[in-house]
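*Asks:* Just passing along the structure, written as structure tokens.
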Amino acid sequence: MNVADKQEATVYFEGRPIDLTVERNNRARRVRLKVGRASRRVVLVLPRLVSLKRGVEFAQSKAGWIVGQLAALPEKRIFQDGMSLSFLGRESVVHHSPAAKRGVWYDQNVIWVSGKEEHLARRVRDFLKKEFAAYALHKARETANKIKARVQKVTIRDTTSRWGSCSRTGHLSLSWRLALAPLFVADYVIAHEVAHLIQMNHSVAFWRLVADLSPDYKKAEQWLKKNAAYLYSFSAEI
Ligand SMILES: [Zn+2]
């Protein structure tokens with residue numbers, strides 16, 4: 001067991017190192033391990049009164065569990081030349097065009113990416129984020145109009161626990177990974193969050209509103225459950 005510094009630590013499983021990120025959390029009640037399905041980082045959460053040494057001992061005792069969690073994650077899909085993906089419901093392929101000086105652009109189901117290969121994955125992700133931000137803002141406002149609600153702002157993030165969220169002030173947050181889901185699924189998450197502008201709960205009335213806005217909502221929920229790991233497997237980092 002090796003404690004490098006306050007932020008990082010390492011435990012071992014059958015002689016192989018596993019890097020941990022250590023997070024102090026004054027509100028945490030007990031030592032906890034998290035394996036990020038998007039980041040693939042192993043995080044050791046330490047409550048205020050638990051020493052780093054004790055936390056790392058705990059993580060070491062769970063090394064087999066950590067390895068199992070990491071092994072259960074699907075293989076990373078790093079954006080690359082020739083890759084097929086669904087972009088806002090359109091079956092598309094990524095195409096690298098190193099000499100073109102146009103950034104990233106979309107034409108006839110091809111996501112064209114110029115520049116060096118080492119920037120390609122990040123550029124594709126940024127493109128998906130930007131396009132989804134524009135689409136989601138438009139769709140959210142259109143959906144909100146139907147129920148006389150008001151969307152102030154839509155922020156696109158890499159959320160890991162929820163696909164979307166909504167504040168009382170009309171601020172929606174959505175995962176950029178929804179750009180890779182079928183359109184009716186992305187539209188459902190948008191409708192779900194917009195419905196919260198009227199009903200800040202998951203009551204019967206809320207679900208009735210969702211059904212009005214998104215008749216296929218049950219199918220969309222099922223799709224998300226079944227394909228969550230698939231959406232989280234996309235990555236811009238090697
Ligand atoms: Zn909800």
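By convention here, the chains of the structure tokens are called A, B, ... in the order presented, each chain's residues are numbered starting at 1, and ligands are numbered starting at 1 in the order presented.
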Using only C-alpha atoms and all ligand atoms, which residues have at least one atom no more than 10 Å from ligand 1? Output them as a list of chain:residue names.
*Replies:* A:Arg162, A:Trp163, A:Gly164, A:Ser165, A:Cys166, A:Val189, A:Ala191, A:His192, A:Glu193, A:Val194, A:Ala195, A:His196, A:Gln199, A:Met200, A:Asn201, A:His202, A:Ser203, A:Phe206, A:Trp207, A:Val210
*Asks:* May I have the residues within 8 Å of Val22 of chain A as a tab-separated table (two decimals) with N, CA and C atoms, in the first residue's frame, using only C-alpha atoms and disregarding those fewer than 3 positions away in the same chain?
*Replies:*
```
chain	number	residue	atom	x	y	z
A	6	LYS	N	-2.10	13.68	-0.93
A	6	LYS	CA	-3.48	13.83	-0.47
A	6	LYS	C	-4.50	13.50	-1.56
A	7	GLN	N	-4.15	13.74	-2.82
A	7	GLN	CA	-5.13	13.56	-3.89
A	7	GLN	C	-5.13	12.16	-4.50
A	8	GLU	N	-4.00	11.51	-4.46
A	8	GLU	CA	-3.88	10.22	-5.15
A	8	GLU	C	-3.39	9.16	-4.17
A	9	ALA	N	-3.82	7.94	-4.42
A	9	ALA	CA	-3.30	6.81	-3.63
A	9	ALA	C	-3.36	5.58	-4.53
A	43	VAL	N	-12.77	6.50	-7.09
A	43	VAL	CA	-12.71	7.59	-6.12
A	43	VAL	C	-12.94	7.04	-4.72
A	44	LEU	N	-12.04	7.43	-3.81
A	44	LEU	CA	-12.17	7.05	-2.41
A	44	LEU	C	-12.70	8.27	-1.66
A	45	VAL	N	-13.90	8.15	-1.11
A	45	VAL	CA	-14.51	9.28	-0.40
A	45	VAL	C	-14.23	9.13	1.09
A	46	LEU	N	-13.61	10.16	1.66
A	46	LEU	CA	-13.26	10.10	3.08
A	46	LEU	C	-14.04	11.12	3.90
```
*Asks:* Using only C-alpha atoms, which residues sit within 12 Å of Glu221 of chain A once same-chain residues fewer than 2 positions away are excluded, as an MDAnalysis selection string?
*Replies:* chainID A and resid 163 181:182 184:189 192 210:211 214:219 223:228
*Asks:* List the neighbours of Ala121 of chain A out to 7 Å using only C-alpha atoms; skip same-chain residues closer than 6 positions along the sequence, and give me the result as a CSV table (one decimal) with C-alpha atoms, in the first residue's frame.
*Replies:*
```csv
chain,number,residue,atom,x,y,z
A,78,ILE,CA,-13.0,6.4,-28.4
A,79,PHE,CA,-14.2,8.6,-31.3
A,80,GLN,CA,-12.1,7.8,-34.3
A,236,ALA,CA,-12.8,11.4,-26.1
```
*Asks:* Closest to Val151 of chain A among A:Lys116, A:His171, A:His138, A:Lys101, using only C-alpha atoms?
*Replies:*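 Of the candidates, the smallest distance to Val151 of chain A is held by A:His171.
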*Asks:* Among segment 50-202 of chain A, which residues carry a DSSP assignment of alpha helix (DSSP H), reported as a PyMOL selection string?
*Replies:* chain A and resi 52-61+63-72+120-146+183-195
